[in-house]
Every structure is written in C-alpha cells, then in structure tokens.
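Here the structure is laid out as structure tokens; the discussion comes afterwards.
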Amino acid sequence: MSHIQIIEEKHQGKIFYCSSMLGQGTCFTIELGITTVLDV
C-alpha cells in the first residue's frame, strides 16, 4: 500500500501535487479530513 493510498483511505485525505524540481525535491499539499467527536 502506498503512502498516498494510506492518506486517502485511512485519513479521508487528499494529496495535491504542486511541483517537482530535479535536485530540489517535490512540493505537495496534503489535505486531511477532520472529524469532531462531541460528548453529549
């Protein structure tokens, strides 16, 4: 299972690719789903 698959399936997240430069790395944004649990 890839890291992207884990983020998408386990954390209800998304990865948005920004840019990649040879010798300088890759820039990307990770968006994670947030769940709030209320004690009522």
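Convention: chains lettered A, B, ... in structure tokens order; per-chain residue numbering from 1; ligands numbered from 1 as shown.
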- request: Just the residues within 9 Å of segment 21-35 of chain A, please, counting only C-alpha atoms, with nothing from its chain fewer than 3 positions along; format it as a list in words.
  value: Ile7, Glu8, His11, Gln12, Gly13, Lys14, Ile15, Phe16, Tyr17 and Cys18 of chain A
Please, could you write that set of residues out with N, CA and C atoms as an mmCIF file, in the first residue's frame?
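Here's the written file out_20.cif:
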data_model
loop_
_atom_site.group_PDB
_atom_site.id
_atom_site.type_symbol
_atom_site.label_atom_id
_atom_site.label_comp_id
_atom_site.auth_asym_id
_atom_site.auth_seq_id
_atom_site.Cartn_x
_atom_site.Cartn_y
_atom_site.Cartn_z
ATOM 1 N N ILE A 7 -3.084 7.703 3.126
ATOM 2 C CA ILE A 7 -3.635 9.024 3.458
ATOM 3 C C ILE A 7 -5.081 9.132 2.992
ATOM 4 N N GLU A 8 -5.353 8.642 1.775
ATOM 5 C CA GLU A 8 -6.709 8.738 1.234
ATOM 6 C C GLU A 8 -7.689 7.826 1.966
ATOM 7 N N HIS A 11 -7.326 8.258 6.382
ATOM 8 C CA HIS A 11 -7.488 9.594 6.959
ATOM 9 C C HIS A 11 -8.450 10.474 6.173
ATOM 10 N N GLN A 12 -9.130 9.898 5.195
ATOM 11 C CA GLN A 12 -10.051 10.648 4.326
ATOM 12 C C GLN A 12 -9.379 11.920 3.808
ATOM 13 N N GLY A 13 -8.137 11.764 3.364
ATOM 14 C CA GLY A 13 -7.369 12.909 2.895
ATOM 15 C C GLY A 13 -7.170 12.916 1.397
ATOM 16 N N LYS A 14 -6.550 13.981 0.924
ATOM 17 C CA LYS A 14 -6.235 14.145 -0.490
ATOM 18 C C LYS A 14 -4.840 14.729 -0.598
ATOM 19 N N ILE A 15 -4.137 14.373 -1.662
ATOM 20 C CA ILE A 15 -2.825 14.943 -1.927
ATOM 21 C C ILE A 15 -2.913 15.742 -3.216
ATOM 22 N N PHE A 16 -2.485 16.988 -3.147
ATOM 23 C CA PHE A 16 -2.470 17.871 -4.303
ATOM 24 C C PHE A 16 -1.018 18.108 -4.685
ATOM 25 N N TYR A 17 -0.637 17.723 -5.888
ATOM 26 C CA TYR A 17 0.725 17.881 -6.387
ATOM 27 C C TYR A 17 0.984 19.335 -6.748
ATOM 28 N N CYS A 18 2.110 19.859 -6.334
ATOM 29 C CA CYS A 18 2.457 21.246 -6.660
ATOM 30 C C CYS A 18 3.543 21.308 -7.729
#
Expected answer as a ChimeraX atom specification: helix (DSSP H, G or I) residues in segment 3-37 of chain A: /A:3-11
Save out the residues we just selected, N, CA and C atoms, as a short mmCIF file (atom, residue, chain, number, x, y, z; two decimals), in the first residue's frame.
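And here's out-v1.cif as it stands now:
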data_model
loop_
_atom_site.label_atom_id
_atom_site.label_comp_id
_atom_site.auth_asym_id
_atom_site.auth_seq_id
_atom_site.Cartn_x
_atom_site.Cartn_y
_atom_site.Cartn_z
N HIS A 3 1.91 5.35 0.30
CA HIS A 3 1.64 6.41 1.27
C HIS A 3 0.39 7.20 0.87
N ILE A 4 0.24 7.44 -0.42
CA ILE A 4 -0.94 8.18 -0.89
C ILE A 4 -2.21 7.41 -0.59
N GLN A 5 -2.19 6.11 -0.83
CA GLN A 5 -3.35 5.27 -0.56
C GLN A 5 -3.72 5.29 0.92
N ILE A 6 -2.74 5.24 1.79
CA ILE A 6 -2.98 5.27 3.24
C ILE A 6 -3.62 6.59 3.64
N ILE A 7 -3.08 7.70 3.13
CA ILE A 7 -3.64 9.02 3.46
C ILE A 7 -5.08 9.13 2.99
N GLU A 8 -5.35 8.64 1.77
CA GLU A 8 -6.71 8.74 1.23
C GLU A 8 -7.69 7.83 1.97
N GLU A 9 -7.31 6.58 2.21
CA GLU A 9 -8.23 5.60 2.79
C GLU A 9 -8.38 5.71 4.31
N LYS A 10 -7.28 5.84 5.01
CA LYS A 10 -7.31 5.82 6.47
C LYS A 10 -7.65 7.17 7.09
N HIS A 11 -7.33 8.26 6.38
CA HIS A 11 -7.49 9.59 6.96
C HIS A 11 -8.45 10.47 6.17
#
- request: Looking only at strand (DSSP E or B) from DSSP on the backbone, list the matching residues of chain A as a ChimeraX atom specification.
  value: /A:14-21,25-31
